[in-house]
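J.: Here you go, start.cif (mmCIF, C-alpha atoms):
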```cif
data_start
#
loop_
_atom_site.group_PDB
_atom_site.id
_atom_site.type_symbol
_atom_site.label_atom_id
_atom_site.label_comp_id
_atom_site.auth_asym_id
_atom_site.auth_seq_id
_atom_site.Cartn_x
_atom_site.Cartn_y
_atom_site.Cartn_z
ATOM 1 C CA MET D 1 55.041 102.336 92.261
ATOM 2 C CA TYR D 2 54.846 99.608 89.627
ATOM 3 C CA GLN D 3 52.145 100.050 86.975
ATOM 4 C CA VAL D 4 50.301 96.781 86.247
ATOM 5 C CA VAL D 5 48.005 95.743 83.380
ATOM 6 C CA ILE D 6 45.707 92.727 83.835
ATOM 7 C CA VAL D 7 44.652 90.798 80.717
ATOM 8 C CA GLU D 8 41.910 88.321 81.648
ATOM 9 C CA ASP D 9 38.551 87.532 80.009
ATOM 10 C CA ASP D 10 36.959 86.107 83.183
ATOM 11 C CA PRO D 11 35.679 89.046 85.318
ATOM 12 C CA MET D 12 35.892 87.041 88.548
ATOM 13 C CA VAL D 13 39.510 86.046 87.934
ATOM 14 C CA ALA D 14 40.376 89.613 86.886
ATOM 15 C CA MET D 15 38.868 90.894 90.147
ATOM 16 C CA LEU D 16 40.913 88.375 92.135
ATOM 17 C CA ASP D 17 44.091 89.326 90.231
ATOM 18 C CA ARG D 18 43.480 92.997 91.034
ATOM 19 C CA ARG D 19 42.807 92.293 94.696
ATOM 20 C CA TYR D 20 45.952 90.197 95.054
ATOM 21 C CA THR D 21 48.069 92.731 93.169
ATOM 22 C CA GLU D 22 46.947 95.786 95.091
ATOM 23 C CA LYS D 23 47.391 94.100 98.471
ATOM 24 C CA ASP D 24 51.040 95.021 97.854
ATOM 25 C CA PRO D 25 51.405 98.840 98.055
ATOM 26 C CA ARG D 26 54.263 98.731 95.539
ATOM 27 C CA PHE D 27 51.839 97.750 92.754
ATOM 28 C CA GLN D 28 48.928 99.595 91.154
ATOM 29 C CA VAL D 29 46.590 98.197 88.477
ATOM 30 C CA THR D 30 46.229 100.890 85.828
ATOM 31 C CA LYS D 31 44.258 98.914 83.237
ATOM 32 C CA GLU D 32 42.158 95.755 82.895
ATOM 33 C CA CYS D 33 41.757 94.261 79.409
ATOM 34 C CA SER D 34 39.261 91.517 78.609
ATOM 35 C CA THR D 35 40.687 90.629 75.168
ATOM 36 C CA GLY D 36 44.128 90.187 73.669
ATOM 37 C CA GLN D 37 43.538 92.865 71.041
ATOM 38 C CA GLU D 38 42.534 95.407 73.671
ATOM 39 C CA ALA D 39 45.739 94.633 75.557
ATOM 40 C CA LEU D 40 47.871 95.034 72.428
ATOM 41 C CA ASP D 41 46.271 98.364 71.527
ATOM 42 C CA TYR D 42 46.792 99.682 75.046
ATOM 43 C CA LEU D 43 50.339 98.442 75.658
ATOM 44 C CA ARG D 44 51.628 99.745 72.336
ATOM 45 C CA HIS D 45 50.855 103.275 73.507
ATOM 46 C CA HIS D 46 50.961 103.129 77.305
ATOM 47 C CA PRO D 47 54.030 102.017 79.271
ATOM 48 C CA ALA D 48 53.576 99.440 82.025
ATOM 49 C CA ASP D 49 55.985 97.701 84.362
ATOM 50 C CA LEU D 50 54.157 94.377 84.552
ATOM 51 C CA VAL D 51 51.457 92.507 82.623
ATOM 52 C CA ILE D 52 49.417 89.733 84.245
ATOM 53 C CA LEU D 53 48.329 87.715 81.233
ATOM 54 C CA ASP D 54 45.965 84.772 80.751
ATOM 55 C CA VAL D 55 46.628 82.187 78.023
ATOM 56 C CA TYR D 56 43.125 80.985 77.143
ATOM 57 C CA MET D 57 41.124 83.909 75.734
ATOM 58 C CA PRO D 58 38.731 84.132 72.765
ATOM 59 C CA GLN D 59 39.936 85.367 69.356
ATOM 60 C CA MET D 60 43.562 85.888 70.420
ATOM 61 C CA ASN D 61 45.214 83.788 73.121
ATOM 62 C CA GLY D 62 47.797 85.054 75.560
ATOM 63 C CA LEU D 63 50.693 83.380 73.781
ATOM 64 C CA ASP D 64 49.884 85.264 70.574
ATOM 65 C CA VAL D 65 49.543 88.485 72.558
ATOM 66 C CA LEU D 66 52.974 87.940 74.086
ATOM 67 C CA ARG D 67 54.547 87.196 70.692
ATOM 68 C CA GLN D 68 53.068 90.333 69.147
ATOM 69 C CA LEU D 69 54.177 92.455 72.081
ATOM 70 C CA ARG D 70 57.746 91.235 71.701
ATOM 71 C CA ALA D 71 57.623 91.715 67.929
ATOM 72 C CA ALA D 72 56.463 95.300 68.503
ATOM 73 C CA GLY D 73 59.411 95.918 70.812
ATOM 74 C CA VAL D 74 57.341 95.974 74.017
ATOM 75 C CA SER D 75 59.598 94.416 76.633
ATOM 76 C CA THR D 76 57.239 94.745 79.612
ATOM 77 C CA ASP D 77 57.644 91.937 82.144
ATOM 78 C CA VAL D 78 54.861 89.349 82.097
ATOM 79 C CA ILE D 79 53.410 86.935 84.643
ATOM 80 C CA MET D 80 51.289 84.259 82.974
ATOM 81 C CA ILE D 81 48.263 83.094 84.969
ATOM 82 C CA THR D 82 46.317 80.336 83.286
ATOM 83 C CA ALA D 83 44.772 76.896 83.406
ATOM 84 C CA ALA D 84 47.221 75.744 80.714
ATOM 85 C CA SER D 85 49.825 73.457 82.276
ATOM 86 C CA ASP D 86 51.096 71.467 79.298
ATOM 87 C CA GLY D 87 54.839 71.410 78.751
ATOM 88 C CA ALA D 88 54.746 72.886 75.231
ATOM 89 C CA THR D 89 52.858 76.006 76.369
ATOM 90 C CA ILE D 90 55.102 76.508 79.377
ATOM 91 C CA GLU D 91 58.255 76.184 77.275
ATOM 92 C CA ALA D 92 56.896 78.604 74.660
ATOM 93 C CA VAL D 93 56.100 81.360 77.158
ATOM 94 C CA MET D 94 59.370 80.892 79.017
ATOM 95 C CA ARG D 95 61.261 81.417 75.770
ATOM 96 C CA LEU D 96 59.432 84.734 75.418
ATOM 97 C CA GLY D 97 60.830 85.923 78.720
ATOM 98 C CA VAL D 98 58.000 85.717 81.242
ATOM 99 C CA VAL D 99 58.842 86.468 84.860
ATOM 100 C CA ASP D 100 56.696 83.682 86.301
ATOM 101 C CA TYR D 101 53.999 81.192 85.330
ATOM 102 C CA LEU D 102 51.102 80.413 87.674
ATOM 103 C CA VAL D 103 48.628 77.603 87.038
ATOM 104 C CA LYS D 104 45.013 78.069 88.141
ATOM 105 C CA PRO D 105 43.841 77.621 90.790
ATOM 106 C CA PHE D 106 46.564 79.396 92.738
ATOM 107 C CA GLU D 107 46.844 80.710 96.284
ATOM 108 C CA TYR D 108 47.629 84.267 97.340
ATOM 109 C CA GLN D 109 51.023 83.277 98.746
ATOM 110 C CA ARG D 110 52.118 81.932 95.351
ATOM 111 C CA PHE D 111 50.873 85.085 93.625
ATOM 112 C CA LYS D 112 52.707 87.211 96.178
ATOM 113 C CA GLN D 113 55.843 85.178 95.514
ATOM 114 C CA ALA D 114 55.605 86.004 91.791
ATOM 115 C CA LEU D 115 55.369 89.727 92.579
ATOM 116 C CA GLU D 116 58.361 89.452 94.899
ATOM 117 C CA SER D 117 60.387 87.725 92.174
ATOM 118 C CA PHE D 118 59.479 90.485 89.716
ATOM 119 C CA ASP D 119 60.524 93.188 92.189
ATOM 120 C CA LEU D 120 63.800 91.406 92.893
ATOM 121 C CA ARG D 121 64.580 91.148 89.177
ATOM 122 C CA ARG D 122 63.713 94.787 88.603
ATOM 123 C CA ARG D 123 65.899 96.023 91.454
ATOM 124 C CA ALA D 124 68.774 93.795 90.329
ATOM 125 C CA ALA D 125 68.510 95.207 86.799
ATOM 126 C CA GLN D 126 68.746 98.744 88.174
ATOM 127 C CA SER D 127 71.853 98.006 90.255
ATOM 128 C CA THR D 128 75.257 98.952 88.911
ATOM 129 C CA THR D 129 76.743 95.777 90.362
ATOM 130 C CA VAL D 130 75.115 92.512 91.404
ATOM 131 C CA SER D 131 76.732 90.212 93.949
ATOM 132 C CA GLN D 132 76.729 86.425 93.768
ATOM 133 C CA GLU D 133 74.397 86.377 96.765
ATOM 134 C CA GLN D 134 71.922 88.625 94.939
ATOM 135 C CA LEU D 135 72.128 86.445 91.839
ATOM 136 C CA ASP D 136 71.475 83.320 93.883
ATOM 137 C CA ARG D 137 68.477 84.941 95.518
ATOM 138 C CA LEU D 138 67.165 85.967 92.124
ATOM 139 C CA LEU D 139 67.689 82.606 90.441
ATOM 140 C CA TYR D 140 66.540 80.401 93.293
ATOM 141 C CA LYS D 141 64.067 82.618 95.123
ATOM 142 C CA ALA D 142 61.014 80.705 93.901
ATOM 143 C CA GLU D 143 62.339 77.405 95.209
ATOM 144 C CA ALA D 144 63.527 78.863 98.505
ATOM 145 C CA ALA D 145 60.355 80.840 99.170
ATOM 146 C CA ALA D 146 57.815 78.222 98.165
ATOM 147 C CA PRO D 147 55.262 77.844 100.975
ATOM 148 C CA PRO D 148 54.913 74.424 102.590
ATOM 149 C CA PRO D 149 52.063 72.327 101.210
ATOM 150 C CA GLU D 150 48.794 72.387 103.111
ATOM 151 C CA GLU D 151 48.489 69.383 105.415
ATOM 152 C CA LEU D 152 45.196 67.682 104.608
ATOM 153 C CA PRO D 153 43.178 65.092 106.533
ATOM 154 C CA LYS D 154 43.529 61.507 105.389
ATOM 155 C CA GLY D 155 41.538 60.805 102.223
ATOM 156 C CA LEU D 156 41.606 64.371 100.846
ATOM 157 C CA GLN D 157 43.692 65.232 97.789
ATOM 158 C CA GLU D 158 45.280 68.648 97.193
ATOM 159 C CA LYS D 159 44.305 68.751 93.517
ATOM 160 C CA THR D 160 40.648 67.971 94.227
ATOM 161 C CA LEU D 161 40.587 70.481 97.073
ATOM 162 C CA CYS D 162 41.874 73.191 94.710
ATOM 163 C CA ILE D 163 39.162 72.353 92.166
ATOM 164 C CA VAL D 164 36.377 72.639 94.740
ATOM 165 C CA ARG D 165 37.831 75.774 96.337
ATOM 166 C CA ASP D 166 38.329 77.474 92.961
ATOM 167 C CA TYR D 167 34.751 76.669 91.966
ATOM 168 C CA LEU D 168 33.406 78.235 95.159
ATOM 169 C CA ARG D 169 35.474 81.370 94.626
ATOM 170 C CA ARG D 170 33.892 81.875 91.229
ATOM 171 C CA GLN D 171 30.334 81.799 92.593
ATOM 172 C CA THR D 172 28.410 84.880 93.661
ATOM 173 C CA THR D 173 25.827 82.959 95.733
ATOM 174 C CA GLY D 174 25.937 80.063 98.182
ATOM 175 C CA GLN D 175 26.038 76.585 96.637
ATOM 176 C CA THR D 176 24.716 73.226 97.825
ATOM 177 C CA CYS D 177 26.891 70.118 97.649
ATOM 178 C CA GLU D 178 24.800 68.928 94.718
ATOM 179 C CA GLN D 179 25.348 72.184 92.799
ATOM 180 C CA ILE D 180 29.082 72.105 93.475
ATOM 181 C CA ALA D 181 29.244 68.447 92.429
ATOM 182 C CA ALA D 182 27.538 69.246 89.118
ATOM 183 C CA GLY D 183 29.900 72.164 88.552
ATOM 184 C CA VAL D 184 33.134 70.263 89.160
ATOM 185 C CA GLY D 185 32.158 66.801 87.916
ATOM 186 C CA LEU D 186 32.454 64.961 91.246
ATOM 187 C CA SER D 187 29.950 63.096 93.391
ATOM 188 C CA ALA D 188 28.025 64.996 96.044
ATOM 189 C CA VAL D 189 29.404 62.645 98.699
ATOM 190 C CA THR D 190 32.990 63.475 97.685
ATOM 191 C CA VAL D 191 32.271 67.202 97.527
ATOM 192 C CA ARG D 192 30.738 67.123 101.019
ATOM 193 C CA HIS D 193 34.041 65.930 102.508
ATOM 194 C CA TYR D 194 35.921 68.810 100.877
ATOM 195 C CA VAL D 195 33.467 71.607 101.667
ATOM 196 C CA ASN D 196 33.276 70.432 105.269
ATOM 197 C CA TYR D 197 37.062 70.668 105.476
ATOM 198 C CA LEU D 198 37.012 74.143 103.886
ATOM 199 C CA ALA D 199 34.393 75.274 106.391
ATOM 200 C CA GLU D 200 36.242 73.789 109.360
ATOM 201 C CA SER D 201 39.538 75.387 108.284
ATOM 202 C CA GLY D 202 37.935 78.819 107.845
ATOM 203 C CA GLN D 203 38.272 78.910 104.063
ATOM 204 C CA ALA D 204 34.529 78.700 103.446
ATOM 205 C CA SER D 205 31.336 79.539 105.277
ATOM 206 C CA SER D 206 28.141 77.520 105.504
ATOM 207 C CA GLN D 207 24.571 78.441 106.287
ATOM 208 C CA VAL D 208 21.284 76.567 106.366
ATOM 209 C CA ASP D 209 18.741 77.552 103.726
ATOM 210 C CA TYR D 210 15.129 77.137 104.893
ATOM 211 C CA SER D 211 13.568 78.832 101.860
ATOM 212 C CA THR D 212 13.187 75.653 99.805
ATOM 213 C CA GLY D 213 9.821 74.811 101.340
ATOM 214 C CA GLY D 214 10.959 71.278 101.982
ATOM 215 C CA ARG D 215 14.029 69.813 103.592
ATOM 216 C CA PRO D 216 16.545 72.572 104.502
ATOM 217 C CA SER D 217 19.796 72.597 102.555
ATOM 218 C CA VAL D 218 23.268 73.813 103.468
ATOM 219 C CA LEU D 219 24.807 76.511 101.257
ATOM 220 C CA TYR D 220 28.576 76.940 101.047
ATOM 221 C CA SER D 221 30.442 80.102 100.078
ATOM 222 C CA ALA D 222 34.146 80.853 99.768
ATOM 223 C CA LYS D 223 35.610 83.359 102.187
ATOM 224 C CA ALA D 224 37.679 86.180 100.737
ATOM 225 C CA PRO D 225 41.440 85.527 101.101
ATOM 226 C CA GLU D 226 43.082 87.666 103.769
#
```
For the structure just supplied, provide its representation as structure tokens.
T.:
Amino acid sequence: MYQVVIVEDDPMVAMLDRRYTEKDPRFQVTKECSTGQEALDYLRHHPADLVILDVYMPQMNGLDVLRQLRAAGVSTDVIMITAASDGATIEAVMRLGVVDYLVKPFEYQRFKQALESFDLRRRAAQSTTVSQEQLDRLLYKAEAAAPPPEELPKGLQEKTLCIVRDYLRRQTTGQTCEQIAAGVGLSAVTVRHYVNYLAESGQASSQVDYSTGGRPSVLYSAKAPE
């Protein structure tokens, strides 16, 4: 079983990372670190097969953590999961030998694909000989296994849908369209189109709240990924 360390300062994202990781019986999360320094202190003394590492963290960012790990001779494989999508950051982490790079918000299938790529690389490294077919699968697996894009109704954009869906997943209570709109910086009218789609497609639930004392409101909540 692969031993995994999660380095993420957002408790909700860390919980999601753990859930996604441990859906695969080959992987076990042995440690969660909320700061880069905590991760460095742990990984210098405890072996791990894989680190799931965020870039944007207080005091020490993930890129600095990765550099210090490599400088200390820690060659553990790393999957970067972050909101950073600029070319300079991506190039920097790739040069430090990360296995994969996922940009928030991401879906379970893409996360699963990253774990599969890691497992394929690990098994190839342990083989005495590697065929051309195995090399091709290793090098081009991400492209070949990429899930088809979600087909959306006319007028809805994938990027905006991801923003709304990610916001809902971070909430612990139901949210009105107005609350979601304030949280993501969109109009309530726009948000209503997206949450209605999420509810209709089974990705969110809705319920009427009569406790306001005035006009009832509809509260939306994200459903846990299967």
J.: I'd like to see the residues matched by the PyMOL selection byres ((chain D and resi 180) around 10) on this file, and ideally I'd get them as a PyMOL selection string.
T.: chain D and resi 164-165+167-168+171+174-179+181-188+191-192+195+219-220
J.: Using C-alpha atoms, can you write the selected residues to a file as a compact mmCIF listing (two decimals), in the coordinates of the input?
T.:
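Final output, saved to result-v3.txt:
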```
# COMPACT_ATOMS: atom_id res chain seq x y z
CA VAL D 164 36.38 72.64 94.74
CA ARG D 165 37.83 75.77 96.34
CA TYR D 167 34.75 76.67 91.97
CA LEU D 168 33.41 78.24 95.16
CA GLN D 171 30.33 81.80 92.59
CA GLY D 174 25.94 80.06 98.18
CA GLN D 175 26.04 76.58 96.64
CA THR D 176 24.72 73.23 97.82
CA CYS D 177 26.89 70.12 97.65
CA GLU D 178 24.80 68.93 94.72
CA GLN D 179 25.35 72.18 92.80
CA ALA D 181 29.24 68.45 92.43
CA ALA D 182 27.54 69.25 89.12
CA GLY D 183 29.90 72.16 88.55
CA VAL D 184 33.13 70.26 89.16
CA GLY D 185 32.16 66.80 87.92
CA LEU D 186 32.45 64.96 91.25
CA SER D 187 29.95 63.10 93.39
CA ALA D 188 28.02 65.00 96.04
CA VAL D 191 32.27 67.20 97.53
CA ARG D 192 30.74 67.12 101.02
CA VAL D 195 33.47 71.61 101.67
CA LEU D 219 24.81 76.51 101.26
CA TYR D 220 28.58 76.94 101.05
```
J.: Find the residue from D:Leu156, D:Val103, D:Ala14, D:Met1 that sits nearest to D:Arg26; use only C-alpha atoms when measuring.
T.: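 The closest residue to D:Arg26 is D:Met1.
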J.: Nearest to D:Arg169: which of D:Pro105, D:Pro25, D:Pro216, D:Gly97 is it, counting only C-alpha atoms?
T.: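 Of D:Pro105, D:Pro25, D:Pro216, D:Gly97, the one nearest D:Arg169, counting only C-alpha atoms, is D:Pro105.
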J.: To test your reading of the syntax: which residues would the PyMOL selection byres ((chain D and resi 10) around 10) return for the file shown? Reply as a list in words.
T.: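 For this structure, the PyMOL selection byres ((chain D and resi 10) around 10) resolves to Val7, Glu8, Asp9, Pro11, Met12, Val13, Ala14, Met15, Ser34, Thr35, Asp54, Met57 and Arg170 of chain D.
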J.: Go ahead and write the residues just picked, C-alpha atoms, as a compact mmCIF listing (two decimals), in the coordinates of the input.
T.:
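result-v1.txt, written as the output of this step:
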```
# COMPACT_ATOMS: atom_id res chain seq x y z
CA VAL D 7 44.65 90.80 80.72
CA GLU D 8 41.91 88.32 81.65
CA ASP D 9 38.55 87.53 80.01
CA PRO D 11 35.68 89.05 85.32
CA MET D 12 35.89 87.04 88.55
CA VAL D 13 39.51 86.05 87.93
CA ALA D 14 40.38 89.61 86.89
CA MET D 15 38.87 90.89 90.15
CA SER D 34 39.26 91.52 78.61
CA THR D 35 40.69 90.63 75.17
CA ASP D 54 45.96 84.77 80.75
CA MET D 57 41.12 83.91 75.73
CA ARG D 170 33.89 81.88 91.23
```
J.: What does the distance between atom CA of D:Glu32 and atom CA of D:Glu91 come to in Å, to one decimal place?
T.: 26.0 Å
J.: Using only C-alpha atoms, can you tell me which of D:Val218, D:Gly36, D:Glu107, D:Ile52 comes closest to D:Gln203?
T.: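 Using only C-alpha atoms, D:Gln203 sits closest to D:Glu107.
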J.: Could you check how far atom CA of D:Gln68 sits from atom CA of D:Val51, in Å to one decimal?
T.: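 We find that atom CA of D:Gln68 and atom CA of D:Val51 lie 13.7 Å from each other.
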J.: For D:Lys112, which of D:Leu198, D:Leu53, D:Ile79, D:Val65 is the closest residue, counting all atoms listed in the file?
T.: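 That would be D:Ile79, the residue with the smallest distance to D:Lys112.
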J.: By how many Å are atom CA of D:Arg19 and atom CA of D:Arg67 apart?
T.: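 Result for atom CA of D:Arg19 versus atom CA of D:Arg67: 27.2 Å, one decimal.
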